[in-house]
file query.txt (compact mmCIF, C-alpha atoms)
# COMPACT_ATOMS: atom_id res chain seq x y z
CA MET A 1 112.49 75.86 51.94
CA LEU A 2 111.81 77.61 55.22
CA ASP A 3 114.53 80.04 56.26
CA GLN A 4 115.67 78.80 59.68
CA SER A 5 116.24 82.41 60.77
CA THR A 6 112.45 82.79 60.77
CA THR A 7 111.81 79.63 62.81
CA PRO A 8 109.57 80.61 65.75
CA THR A 9 111.00 80.66 69.26
CA TYR A 10 107.71 79.94 71.08
CA ASP A 11 106.50 76.43 71.94
CA ILE A 12 104.59 75.41 68.81
CA GLU A 13 103.10 72.22 70.29
CA ASN A 14 101.66 73.99 73.32
CA GLU A 15 100.19 76.77 71.18
CA VAL A 16 98.50 74.25 68.87
CA LEU A 17 97.28 72.06 71.74
CA SER A 18 95.76 75.00 73.64
CA ARG A 19 94.06 76.41 70.55
CA TYR A 20 92.49 73.09 69.55
CA GLN A 21 91.47 72.19 73.10
CA ALA A 22 89.48 75.42 73.08
CA GLY A 23 88.18 74.57 69.61
CA ALA A 24 86.88 71.23 70.92
CA GLN A 25 84.71 73.05 73.44
CA GLU A 26 83.54 76.05 71.40
CA HIS A 27 83.35 76.26 67.61
CA GLU A 28 86.09 78.50 66.20
CA PRO A 29 85.45 79.39 62.53
CA SER A 30 88.96 80.77 61.95
CA LEU A 31 90.46 77.27 62.35
CA CYS A 32 89.13 76.03 59.01
CA CYS A 33 88.24 77.14 55.52
CA PRO A 34 85.02 76.17 53.67
CA THR A 35 85.06 72.59 52.31
CA ASP A 36 82.66 70.97 49.87
CA TYR A 37 82.35 67.27 50.65
CA GLN A 38 81.58 65.01 47.70
CA ASP A 39 79.82 62.29 49.71
CA VAL A 40 77.57 64.44 51.90
CA GLN A 41 75.31 61.48 52.72
CA TYR A 42 78.00 60.20 55.09
CA LEU A 43 77.48 63.29 57.28
CA ASP A 44 73.90 62.33 58.16
CA VAL A 45 74.83 59.94 61.00
CA ILE A 46 77.39 62.29 62.58
CA PRO A 47 76.18 64.39 65.56
CA ASP A 48 76.23 68.18 65.32
CA GLU A 49 78.66 68.35 68.26
CA ILE A 50 81.29 66.69 66.06
CA LEU A 51 80.39 68.55 62.87
CA THR A 52 80.68 71.97 64.49
CA LYS A 53 83.96 71.23 66.29
CA ASP A 54 85.90 69.51 63.54
CA TYR A 55 88.24 71.59 61.40
CA GLY A 56 89.81 71.12 57.98
CA CYS A 57 90.55 72.55 54.56
CA GLY A 58 89.82 69.74 52.08
CA ASP A 59 88.17 66.39 51.51
CA PRO A 60 90.59 63.44 51.56
CA THR A 61 87.74 61.12 52.60
CA ARG A 62 86.47 60.66 49.03
CA TYR A 63 89.53 58.56 48.15
CA ALA A 64 88.89 55.73 50.65
CA GLU A 65 87.82 52.37 49.23
CA VAL A 66 85.92 49.37 50.54
CA GLY A 67 88.09 47.21 52.81
CA ASP A 68 90.80 49.83 53.35
CA VAL A 69 92.69 50.14 56.62
CA VAL A 70 92.88 53.90 57.04
CA VAL A 71 94.82 56.15 59.42
CA ASP A 72 93.64 59.74 59.89
CA LEU A 73 96.43 62.00 61.14
CA GLY A 74 95.15 64.66 63.51
CA SER A 75 91.68 63.15 63.58
CA GLY A 76 90.26 65.81 65.91
CA ALA A 77 86.59 65.38 66.70
CA GLY A 78 86.39 62.40 64.34
CA LYS A 79 84.30 63.70 61.43
CA ASN A 80 86.57 62.39 58.69
CA CYS A 81 87.02 59.08 60.51
CA TYR A 82 83.28 58.51 60.72
CA MET A 83 82.81 59.42 57.07
CA VAL A 84 85.56 57.03 56.00
CA ALA A 85 84.22 54.30 58.30
CA GLN A 86 81.09 54.14 56.17
CA LYS A 87 83.07 54.06 52.92
CA VAL A 88 85.47 51.25 53.90
CA GLY A 89 82.63 49.17 55.37
CA ALA A 90 82.65 46.38 57.91
CA THR A 91 85.73 44.78 56.31
CA GLY A 92 87.75 47.96 56.69
CA LYS A 93 89.12 49.82 59.69
CA VAL A 94 89.76 53.45 60.59
CA ILE A 95 92.31 54.62 63.15
CA GLY A 96 92.23 58.25 64.24
CA VAL A 97 95.47 59.62 65.71
CA ASP A 98 95.46 62.80 67.80
CA PHE A 99 97.48 64.37 70.61
CA ASN A 100 94.56 66.33 72.05
CA ASP A 101 92.75 64.53 74.91
CA VAL A 102 89.71 66.80 74.66
CA MET A 103 89.29 66.03 70.95
CA LEU A 104 89.85 62.30 71.54
CA THR A 105 87.16 62.26 74.23
CA LEU A 106 84.70 63.94 71.90
CA ALA A 107 85.50 61.54 69.04
CA ARG A 108 85.12 58.46 71.27
CA LYS A 109 81.89 59.74 72.80
CA TYR A 110 79.79 58.74 69.79
CA GLN A 111 81.50 55.52 68.66
CA GLN A 112 78.76 53.16 69.79
CA ASP A 113 75.96 55.48 68.68
CA ILE A 114 77.34 55.85 65.15
CA GLY A 115 78.23 52.17 65.00
CA GLY A 116 74.62 51.31 65.78
CA LYS A 117 73.38 53.58 63.00
CA ILE A 118 75.65 52.18 60.29
CA GLY A 119 75.52 48.57 61.50
CA PHE A 120 79.14 48.07 62.59
CA THR A 121 81.91 49.70 64.62
CA ASN A 122 85.22 49.87 62.80
CA THR A 123 86.78 53.00 64.34
CA GLU A 124 89.52 53.41 66.90
CA PHE A 125 90.89 56.66 68.32
CA VAL A 126 94.41 56.60 69.75
CA LYS A 127 96.67 59.17 71.35
CA GLY A 128 99.89 59.87 69.53
CA LYS A 129 102.03 62.44 67.78
CA ILE A 130 101.63 62.26 64.03
CA GLN A 131 105.40 62.68 63.56
CA ASP A 132 106.06 59.67 65.84
CA LEU A 133 103.47 57.03 64.95
CA LYS A 134 105.44 54.30 66.70
CA LEU A 135 105.03 55.71 70.19
CA PRO A 136 101.77 54.74 72.02
CA LEU A 137 101.32 57.70 74.35
CA ASP A 138 98.60 56.12 76.52
CA ALA A 139 100.92 53.21 77.36
CA LEU A 140 103.78 55.62 78.02
CA GLN A 141 101.52 57.67 80.31
CA THR A 142 100.65 54.54 82.31
CA TRP A 143 104.35 53.78 82.79
CA PHE A 144 105.03 57.40 83.73
CA THR A 145 102.28 57.34 86.38
CA GLU A 146 103.77 54.21 87.92
CA ASN A 147 107.35 55.47 87.61
CA PRO A 148 107.36 59.23 88.36
CA ILE A 149 110.51 61.04 87.40
CA THR A 150 112.06 62.86 90.33
CA SER A 151 115.63 63.21 89.11
CA VAL A 152 117.53 63.95 85.94
CA GLU A 153 119.06 60.47 86.09
CA GLN A 154 115.61 58.87 85.85
CA LEU A 155 115.04 60.52 82.47
CA ALA A 156 117.12 57.75 80.95
CA ASN A 157 114.62 55.16 82.18
CA TYR A 158 111.76 57.15 80.63
CA GLU A 159 113.56 57.39 77.29
CA ALA A 160 114.40 53.67 77.38
CA GLU A 161 110.74 52.78 78.03
CA ALA A 162 109.61 55.00 75.16
CA GLU A 163 112.03 53.25 72.83
CA ARG A 164 110.93 49.83 74.09
CA LEU A 165 107.30 50.68 73.36
CA ARG A 166 108.17 51.89 69.87
CA GLU A 167 109.94 48.60 69.19
CA LYS A 168 107.64 46.10 70.93
CA THR A 169 104.16 47.65 70.74
CA PRO A 170 104.15 50.38 68.08
CA LEU A 171 101.05 52.55 67.86
CA ILE A 172 100.92 51.97 64.08
CA ALA A 173 102.97 49.04 62.76
CA ASP A 174 105.18 49.06 59.68
CA ASP A 175 103.49 48.30 56.34
CA SER A 176 100.04 47.96 57.92
CA VAL A 177 97.91 50.67 56.32
CA ASP A 178 96.25 51.04 52.91
CA LEU A 179 95.51 54.76 53.12
CA VAL A 180 96.77 57.65 55.24
CA ILE A 181 94.65 60.79 55.21
CA SER A 182 94.95 64.14 56.94
CA ASN A 183 92.95 67.32 56.80
CA CYS A 184 94.80 70.55 57.52
CA VAL A 185 97.08 69.16 60.24
CA LEU A 186 100.58 68.59 58.82
CA ASN A 187 101.24 72.34 58.79
CA LEU A 188 100.84 72.40 62.60
CA VAL A 189 103.96 70.26 63.15
CA LYS A 190 107.10 72.20 64.01
CA PRO A 191 109.63 72.57 61.14
CA SER A 192 112.28 70.32 62.69
CA ASP A 193 109.83 67.39 62.78
CA LYS A 194 108.35 67.64 59.30
CA LYS A 195 110.88 65.39 57.57
CA GLN A 196 110.24 62.67 60.18
CA LEU A 197 106.50 63.20 59.72
CA PHE A 198 106.63 62.25 56.04
CA GLN A 199 108.93 59.33 56.79
CA GLU A 200 106.39 58.03 59.30
CA ILE A 201 103.56 58.26 56.76
CA TYR A 202 105.69 56.24 54.37
CA ARG A 203 106.66 53.68 57.02
CA VAL A 204 103.14 52.71 58.04
CA LEU A 205 101.81 52.30 54.50
CA LYS A 206 101.73 48.91 52.79
CA LYS A 207 103.46 48.52 49.44
CA GLY A 208 100.97 49.97 46.98
CA GLY A 209 99.36 52.06 49.72
CA ARG A 210 98.68 55.74 49.27
CA ALA A 211 98.55 58.99 51.20
CA VAL A 212 95.93 61.65 50.49
CA ILE A 213 96.68 64.85 52.35
CA SER A 214 94.74 68.11 52.35
CA ASP A 215 96.70 71.01 53.79
CA ILE A 216 97.42 74.71 53.56
CA VAL A 217 100.18 75.86 51.21
CA CYS A 218 101.60 79.28 50.44
CA ASP A 219 103.05 80.84 47.29
CA GLU A 220 105.93 82.60 49.09
CA VAL A 221 108.01 81.96 52.21
CA PRO A 222 106.18 83.33 55.28
CA THR A 223 107.70 86.50 56.67
CA ALA A 224 109.35 86.73 60.09
CA LYS A 225 106.30 88.67 61.29
CA ILE A 226 104.02 85.77 60.34
CA MET A 227 106.34 83.15 61.81
CA ASN A 228 106.57 84.98 65.12
CA ASP A 229 102.80 85.12 65.60
CA PRO A 230 101.67 82.10 67.71
CA GLU A 231 98.02 82.62 66.75
CA LEU A 232 98.87 82.42 63.05
CA TRP A 233 100.78 79.17 63.62
CA SER A 234 97.93 77.48 65.47
CA GLY A 235 95.62 78.99 62.84
CA CYS A 236 97.27 76.94 60.05
CA ILE A 237 99.13 79.89 58.52
CA SER A 238 102.71 80.15 59.77
CA GLY A 239 103.47 76.45 59.29
CA ALA A 240 102.04 76.27 55.76
CA PHE A 241 104.18 74.49 53.18
CA LEU A 242 105.49 76.25 50.12
CA GLU A 243 103.52 74.89 47.15
CA SER A 244 106.51 73.15 45.57
CA GLU A 245 108.03 72.13 48.92
CA PHE A 246 104.87 70.21 49.85
CA LEU A 247 105.32 67.92 46.85
CA GLU A 248 109.06 67.63 47.40
CA MET A 249 108.48 66.35 50.94
CA PHE A 250 106.59 63.37 49.53
CA ALA A 251 109.29 62.68 46.94
CA ASP A 252 112.11 62.92 49.50
CA ALA A 253 110.32 60.34 51.68
CA GLY A 254 110.27 57.84 48.79
CA PHE A 255 106.76 58.30 47.40
CA HIS A 256 105.94 58.06 43.69
CA GLY A 257 102.91 58.90 41.57
CA ILE A 258 102.69 62.25 43.37
CA GLU A 259 99.91 64.45 42.03
CA ILE A 260 97.85 67.48 42.95
CA LEU A 261 94.20 66.44 43.24
CA SER A 262 92.81 69.86 44.11
CA PHE A 263 94.20 73.38 44.26
CA GLU A 264 91.88 76.15 45.39
CA LYS A 265 91.76 78.96 42.84
CA GLU A 266 91.09 81.64 45.42
CA PRO A 267 93.33 81.99 48.50
CA TRP A 268 91.83 81.25 51.90
CA GLN A 269 93.78 84.14 53.40
CA THR A 270 96.29 86.72 52.16
CA ILE A 271 98.72 88.07 54.76
CA ASP A 272 101.66 90.40 54.03
CA GLY A 273 100.97 89.84 50.33
CA ILE A 274 101.41 86.05 50.68
CA GLU A 275 98.55 83.83 49.56
CA PHE A 276 97.52 80.82 51.66
CA ARG A 277 95.21 78.24 50.08
CA SER A 278 94.10 74.62 50.36
CA MET A 279 95.74 71.90 48.29
CA THR A 280 95.14 68.13 48.27
CA VAL A 281 97.93 65.77 47.20
CA ARG A 282 97.97 62.02 46.59
CA ALA A 283 101.15 59.92 46.66
CA TYR A 284 101.90 56.20 46.51
CA LYS A 285 104.33 53.85 48.22
CA GLY A 286 105.84 50.92 46.33
CA LYS A 287 108.60 51.73 43.87
CA GLU A 288 111.32 50.18 46.02
CA GLY A 289 112.80 46.81 45.05
CA VAL A 290 115.34 45.23 42.73
CA CYS A 291 115.37 45.91 38.99
CA LEU A 292 115.07 42.72 36.93
CA GLU A 293 115.34 42.28 33.15
CA ARG A 294 112.39 40.46 31.57
CA ASN A 295 112.51 42.09 28.10
CA GLN A 296 109.43 44.19 28.80
CA ALA A 297 108.73 47.58 27.28
CA VAL A 298 106.23 50.39 27.60
CA ILE A 299 105.01 52.89 25.01
CA TYR A 300 104.00 56.31 26.25
CA LYS A 301 100.74 57.32 24.56
CA GLY A 302 101.03 61.10 24.79
CA PRO A 303 99.92 63.86 24.55
CA TRP A 304 103.37 65.22 25.44
CA LYS A 305 106.32 64.58 23.14
CA GLU A 306 108.21 63.13 26.08
CA ILE A 307 107.91 62.85 29.86
CA LYS A 308 110.44 62.20 32.63
CA ASP A 309 109.79 60.19 35.80
CA ASP A 310 111.08 60.93 39.30
CA ASP A 311 114.14 58.74 38.72
CA GLY A 312 115.22 60.65 35.62
CA HIS A 313 114.02 58.14 33.02
CA THR A 314 112.54 59.68 29.87
CA TYR A 315 109.67 58.12 27.94
CA TYR A 316 109.27 59.25 24.34
CA ARG A 317 105.81 59.31 22.83
CA GLY A 318 105.18 56.30 20.60
CA GLU A 319 108.53 54.62 21.27
CA ARG A 320 109.21 51.28 22.95
CA MET A 321 111.14 52.06 26.09
CA ALA A 322 112.98 49.34 28.00
CA VAL A 323 111.97 49.06 31.64
CA CYS A 324 112.62 46.66 34.49
CA ASP A 325 109.89 44.36 35.77
CA LYS A 326 109.22 46.61 38.78
CA THR A 327 108.75 49.72 36.65
CA PHE A 328 106.71 47.81 34.07
CA ASN A 329 104.22 46.81 36.76
CA LEU A 330 104.11 50.31 38.24
CA LEU A 331 103.38 51.92 34.89
CA THR A 332 100.85 49.43 33.53
CA ASN A 333 98.85 48.22 36.55
CA GLU A 334 95.23 49.34 36.25
CA ASN A 335 95.28 50.56 39.87
CA SER A 336 98.47 52.58 39.56
CA PRO A 337 98.62 56.38 39.33
CA TYR A 338 99.91 56.01 35.75
CA ALA A 339 97.02 53.83 34.53
CA GLY A 340 96.00 54.55 30.95
CA GLN A 341 99.14 56.50 30.03
CA PHE A 342 101.23 53.58 28.74
CA ILE A 343 100.85 50.63 26.39
CA SER A 344 102.41 47.45 27.74
CA VAL A 345 104.67 45.34 25.52
CA LEU A 346 105.23 41.83 26.87
CA PRO A 347 107.97 39.51 25.62
CA TYR A 348 106.86 36.53 23.55
CA ASP A 349 108.99 34.23 25.71
CA ASN A 350 108.27 34.75 29.40
CA ILE A 351 111.32 35.06 31.64
CA GLU A 352 110.59 33.79 35.14
CA LEU A 353 111.62 36.11 37.95
CA GLU A 354 114.05 33.58 39.39
CA ASN A 355 115.83 33.43 36.03
CA ALA A 356 115.84 37.16 35.34
CA ALA A 357 119.12 39.03 35.21
CA THR A 358 119.67 42.42 36.81
CA PHE A 359 118.26 45.21 34.68
CA ASN A 360 120.70 47.90 33.63
CA CYS A 361 118.86 51.12 34.45
CA ARG A 362 120.10 53.08 31.46
CA VAL A 363 118.40 56.41 30.99
CA ASP A 364 116.33 56.68 27.79
CA ALA A 365 116.94 53.03 26.81
CA ARG A 366 114.84 52.00 23.82
CA ARG A 367 113.71 48.41 23.44
CA HIS A 368 114.33 46.97 20.00
CA PRO A 369 111.35 44.83 18.91
CA LYS A 370 113.65 41.83 18.46
CA GLU A 371 114.39 41.87 22.20
CA SER A 372 110.73 41.31 23.02
CA LYS A 373 110.18 38.82 20.20
CA GLY A 374 113.21 36.75 21.16
CA GLN A 375 116.21 35.44 19.22
CA ASP A 376 114.31 32.42 17.86
CA TYR A 377 111.53 34.53 16.34
CA ASN A 378 111.25 33.77 12.56
CA VAL A 379 109.03 34.98 9.76
CA THR A 380 108.17 32.84 6.71
CA ASP A 381 106.87 34.42 3.51
CA LEU A 382 103.55 33.06 2.20
CA ALA A 383 102.58 32.71 -1.42
CA ASP A 384 100.37 35.80 -1.29
CA GLY A 385 103.16 37.91 0.14
CA ALA A 386 101.78 38.03 3.69
CA ALA A 387 103.89 37.17 6.73
CA SER A 388 103.37 34.34 9.21
CA CYS A 389 104.76 34.13 12.74
CA SER A 390 106.44 30.96 13.95
CA THR A 391 104.28 31.07 17.09
CA ASP A 392 100.56 31.16 17.73
CA SER A 393 100.91 34.40 19.68
CA CYS A 394 101.61 36.59 16.65
CA CYS A 395 100.00 39.99 16.91
call {"tool": "encode", "arguments": {"input": "query.txt", "output": "structure tokens"}}
result
Amino acid sequence: MLDQSTTPTYDIENEVLSRYQAGAQEHEPSLCCPTDYQDVQYLDVIPDEILTKDYGCGDPTRYAEVGDVVVDLGSGAGKNCYMVAQKVGATGKVIGVDFNDVMLTLARKYQQDIGGKIGFTNTEFVKGKIQDLKLPLDALQTWFTENPITSVEQLANYEAEAERLREKTPLIADDSVDLVISNCVLNLVKPSDKKQLFQEIYRVLKKGGRAVISDIVCDEVPTAKIMNDPELWSGCISGAFLESEFLEMFADAGFHGIEILSFEKEPWQTIDGIEFRSMTVRAYKGKEGVCLERNQAVIYKGPWKEIKDDDGHTYYRGERMAVCDKTFNLLTNENSPYAGQFISVLPYDNIELENAATFNCRVDARRHPKESKGQDYNVTDLADGAASCSTDSCC
């Protein structure tokens, strides 16, 4: 974790805002590292003004699906939003969130033009801080214009209005998004806000939703020299996550199925002997909920002798492991991050959810076959020595 003694004393938000406002007017190559986009055909309808003034370090756009509601954190000039808009189609929606008015103006400039080219307009660009996705800053600005603050006492009214807006008209509602993407932006948030940032990503996602984040990571803690350089912070260096810390931030926020999708072999930059490179991570929301006993089991296929999940449960290769209904569905659903790794074992006698008892989450609990077959399961010997099940569902 970041040593707080190296936390910068300058205003991080102002440094980032100023740098990217300039980058929206003139292309600045040092703000991004080379990225190979998988679906290059989606770039054809995007104007050069956007392509040359949009910055990133990876390609989270390839993971969008038809019909998705997508939020792009730090959407900048809108390149990723317009690529995703074509992937999700007319039934989907893309919301770009940015704090930079110059970038937002550029992104909005071509909405109708691009919509005409692809046959629909499904993009929206809103002003907000990515670590506070409840607060609609345009609405707050309107209130501020009508209610100027001229005394310290009036600050309380401003704070109350901000809280009212978060509660009554949130910028991004709870459980409303299928996919959150971001491209080299999370590192720009100041250290004290990063925990809240991941909590906000988790909040807005639907159950089963996922986050795909491309960002800059480092292999060692940045030095005090790096941290105290405002240009390196706004240049996506000083705020880089430690490689392991980046994944831990997802886990601490409640995500599961966390995996590295890409990890650049060569560093983008090396400063003071510390390597900075691009990494893309995917994580899922949806493991919360009660644990119910329905006599289900899973068999881990391999190739490892055993594996352990984020909750400390071990699955032994080839063995029937007892799991609750929630975990059973997480591990065996064809759309889950664990798809193809487990064999599902269903009970012969279905236990309805309303009749299911609480599952005892014992670590490393094996499921005896008789538990799945049921107490009334009987076998009758046949004349030829074969066995016959008492039900038609014998396997």
call {"tool": "closest_residue", "arguments": {"input": "query.txt", "among": "A:Ala297, A:Ala224, A:Val281, A:Ile351", "to": "A:Glu248", "atoms": "only C-alpha atoms"}}
result
A:Val281
call {"tool": "closest_residue", "arguments": {"input": "query.txt", "among": "A:Thr314, A:Gln131, A:Asn157, A:Ser262", "to": "A:Tyr202", "atoms": "all atoms listed in the file"}}
result
A:Gln131
call {"tool": "residues_around", "arguments": {"input": "query.txt", "residues": "A:Ala356", "least_positions_apart": "6", "cutoff": "12 Å", "atoms": "only C-alpha atoms", "output": "NGL selection string"}}
result
:A and (290-296 or 324-325 or 350)
call {"tool": "residues_around", "arguments": {"input": "query.txt", "residues": "A:Lys117", "least_positions_apart": "3", "cutoff": "7 Å", "atoms": "only C-alpha atoms", "output": "list in words"}}
result
Val45, Asp113 and Ile114 of chain A
call {"tool": "write_last_selection", "arguments": {"input": "query.txt", "atoms": "C-alpha atoms", "output": "PDB file, keeping the file's coordinate frame"}}
result
ATOM      1  CA  VAL A  45      74.830  59.940  61.000  1.00  0.00           C
ATOM      2  CA  ASP A 113      75.960  55.480  68.680  1.00  0.00           C
ATOM      3  CA  ILE A 114      77.340  55.850  65.150  1.00  0.00           C
TER       4      ILE A 114
END
call {"tool": "atom_distance", "arguments": {"input": "query.txt", "atom1": "atom CA of A:Ser336", "atom2": "atom CA of A:Arg203"}}
result
19.3 Å
call {"tool": "atom_distance", "arguments": {"input": "query.txt", "atom1": "atom CA of A:Ala240", "atom2": "atom CA of A:Val94"}}
result
26.4 Å
call {"tool": "residues_near_point", "arguments": {"input": "query.txt", "point": "(108.1, 61.3, 25.7)", "cutoff": "6 Å", "atoms": "all atoms listed in the file", "output": "PyMOL selection string"}}
result
chain A and resi 305-307+315-317
call {"tool": "residues_around", "arguments": {"input": "query.txt", "residues": "A:Val69", "least_positions_apart": "4", "cutoff": "10 Å", "atoms": "only C-alpha atoms", "output": "list in words"}}
result
Ala64, Glu65, Val84, Ala85, Val88, Thr91, Gly92, Lys93, Val94, Ile95, Asn122, Ser176, Val177, Asp178, Leu179, Val180, Leu205, Lys206 and Gly209 of chain A
call {"tool": "write_last_selection", "arguments": {"input": "query.txt", "atoms": "C-alpha atoms", "output": "mmCIF file, keeping the file's coordinate frame"}}
result
data_model
loop_
_atom_site.group_PDB
_atom_site.id
_atom_site.type_symbol
_atom_site.label_atom_id
_atom_site.label_comp_id
_atom_site.auth_asym_id
_atom_site.auth_seq_id
_atom_site.Cartn_x
_atom_site.Cartn_y
_atom_site.Cartn_z
ATOM 1 C CA ALA A 64 88.890 55.730 50.650
ATOM 2 C CA GLU A 65 87.820 52.370 49.230
ATOM 3 C CA VAL A 84 85.560 57.030 56.000
ATOM 4 C CA ALA A 85 84.220 54.300 58.300
ATOM 5 C CA VAL A 88 85.470 51.250 53.900
ATOM 6 C CA THR A 91 85.730 44.780 56.310
ATOM 7 C CA GLY A 92 87.750 47.960 56.690
ATOM 8 C CA LYS A 93 89.120 49.820 59.690
ATOM 9 C CA VAL A 94 89.760 53.450 60.590
ATOM 10 C CA ILE A 95 92.310 54.620 63.150
ATOM 11 C CA ASN A 122 85.220 49.870 62.800
ATOM 12 C CA SER A 176 100.040 47.960 57.920
ATOM 13 C CA VAL A 177 97.910 50.670 56.320
ATOM 14 C CA ASP A 178 96.250 51.040 52.910
ATOM 15 C CA LEU A 179 95.510 54.760 53.120
ATOM 16 C CA VAL A 180 96.770 57.650 55.240
ATOM 17 C CA LEU A 205 101.810 52.300 54.500
ATOM 18 C CA LYS A 206 101.730 48.910 52.790
ATOM 19 C CA GLY A 209 99.360 52.060 49.720
#
call {"tool": "closest_residue", "arguments": {"input": "query.txt", "among": "A:Val70, A:Gly340, A:Glu354, A:Ala322", "to": "A:Arg367", "atoms": "only C-alpha atoms"}}
result
A:Ala322
call {"tool": "closest_residue", "arguments": {"input": "query.txt", "among": "A:Gly273, A:Asn333, A:Tyr338, A:Glu371", "to": "A:Lys301", "atoms": "only C-alpha atoms"}}
result
A:Tyr338
call {"tool": "closest_residue", "arguments": {"input": "query.txt", "among": "A:Ala162, A:Leu73, A:Ile274, A:Ile299", "to": "A:Asn183", "atoms": "all atoms listed in the file"}}
result
A:Leu73
call {"tool": "closest_residue", "arguments": {"input": "query.txt", "among": "A:Pro303, A:Pro222, A:Gly286, A:Gly257", "to": "A:Ala339", "atoms": "only C-alpha atoms"}}
result
A:Gly257
call {"tool": "atom_distance", "arguments": {"input": "query.txt", "atom1": "atom CA of A:Glu266", "atom2": "atom CA of A:Ser182"}}
result
21.3 Å
call {"tool": "residues_around", "arguments": {"input": "query.txt", "residues": "A:Gly254", "least_positions_apart": "5", "cutoff": "9 Å", "atoms": "only C-alpha atoms", "output": "VMD selection string"}}
result
chain A and resid 199 202 249 284 to 288
call {"tool": "residues_around", "arguments": {"input": "query.txt", "residues": "A:Phe276", "least_positions_apart": "5", "cutoff": "8 Å", "atoms": "all atoms listed in the file", "output": "PDB file with C-alpha atoms, in the frame of the given file"}}
result
ATOM      1  CA  ILE A 216      97.420  74.710  53.560  1.00  0.00           C
ATOM      2  CA  VAL A 217     100.180  75.860  51.210  1.00  0.00           C
ATOM      3  CA  CYS A 218     101.600  79.280  50.440  1.00  0.00           C
ATOM      4  CA  ASP A 219     103.050  80.840  47.290  1.00  0.00           C
ATOM      5  CA  ILE A 237      99.130  79.890  58.520  1.00  0.00           C
ATOM      6  CA  ALA A 240     102.040  76.270  55.760  1.00  0.00           C
ATOM      7  CA  PRO A 267      93.330  81.990  48.500  1.00  0.00           C
ATOM      8  CA  TRP A 268      91.830  81.250  51.900  1.00  0.00           C
ATOM      9  CA  GLN A 269      93.780  84.140  53.400  1.00  0.00           C
ATOM     10  CA  THR A 270      96.290  86.720  52.160  1.00  0.00           C
ATOM     11  CA  ILE A 271      98.720  88.070  54.760  1.00  0.00           C
TER      12      ILE A 271
END
call {"tool": "build_atoms", "arguments": {"input": "query.txt", "residues": "stretch 172-184 of chain A", "atoms": "N, CA and C atoms", "output": "PDB file, in the frame of the given file"}}
result
ATOM      1  N   ILE A 172     101.272  52.391  65.439  1.00  0.00           N
ATOM      2  CA  ILE A 172     100.920  51.970  64.080  1.00  0.00           C
ATOM      3  C   ILE A 172     102.097  51.180  63.540  1.00  0.00           C
ATOM      4  N   ALA A 173     101.883  49.924  63.190  1.00  0.00           N
ATOM      5  CA  ALA A 173     102.970  49.040  62.760  1.00  0.00           C
ATOM      6  C   ALA A 173     103.446  49.371  61.349  1.00  0.00           C
ATOM      7  N   ASP A 174     104.642  48.917  61.037  1.00  0.00           N
ATOM      8  CA  ASP A 174     105.180  49.060  59.680  1.00  0.00           C
ATOM      9  C   ASP A 174     104.272  48.364  58.672  1.00  0.00           C
ATOM     10  N   ASP A 175     104.148  48.958  57.485  1.00  0.00           N
ATOM     11  CA  ASP A 175     103.490  48.300  56.340  1.00  0.00           C
ATOM     12  C   ASP A 175     102.119  47.735  56.687  1.00  0.00           C
ATOM     13  N   SER A 176     101.309  48.493  57.425  1.00  0.00           N
ATOM     14  CA  SER A 176     100.040  47.960  57.920  1.00  0.00           C
ATOM     15  C   SER A 176      98.808  48.721  57.429  1.00  0.00           C
ATOM     16  N   VAL A 177      99.001  49.761  56.649  1.00  0.00           N
ATOM     17  CA  VAL A 177      97.910  50.670  56.320  1.00  0.00           C
ATOM     18  C   VAL A 177      97.758  50.811  54.798  1.00  0.00           C
ATOM     19  N   ASP A 178      96.515  50.839  54.337  1.00  0.00           N
ATOM     20  CA  ASP A 178      96.250  51.040  52.910  1.00  0.00           C
ATOM     21  C   ASP A 178      96.213  52.514  52.529  1.00  0.00           C
ATOM     22  N   LEU A 179      95.709  53.339  53.433  1.00  0.00           N
ATOM     23  CA  LEU A 179      95.510  54.760  53.120  1.00  0.00           C
ATOM     24  C   LEU A 179      95.769  55.605  54.358  1.00  0.00           C
ATOM     25  N   VAL A 180      96.583  56.633  54.202  1.00  0.00           N
ATOM     26  CA  VAL A 180      96.770  57.650  55.240  1.00  0.00           C
ATOM     27  C   VAL A 180      96.137  58.933  54.744  1.00  0.00           C
ATOM     28  N   ILE A 181      95.250  59.512  55.554  1.00  0.00           N
ATOM     29  CA  ILE A 181      94.650  60.790  55.210  1.00  0.00           C
ATOM     30  C   ILE A 181      94.968  61.808  56.302  1.00  0.00           C
ATOM     31  N   SER A 182      94.821  63.067  55.959  1.00  0.00           N
ATOM     32  CA  SER A 182      94.950  64.140  56.940  1.00  0.00           C
ATOM     33  C   SER A 182      94.284  65.366  56.363  1.00  0.00           C
ATOM     34  N   ASN A 183      93.699  66.159  57.236  1.00  0.00           N
ATOM     35  CA  ASN A 183      92.950  67.320  56.800  1.00  0.00           C
ATOM     36  C   ASN A 183      93.391  68.555  57.566  1.00  0.00           C
ATOM     37  N   CYS A 184      94.333  69.279  56.970  1.00  0.00           N
ATOM     38  CA  CYS A 184      94.800  70.550  57.520  1.00  0.00           C
ATOM     39  C   CYS A 184      95.474  70.383  58.880  1.00  0.00           C
TER      40      CYS A 184
END
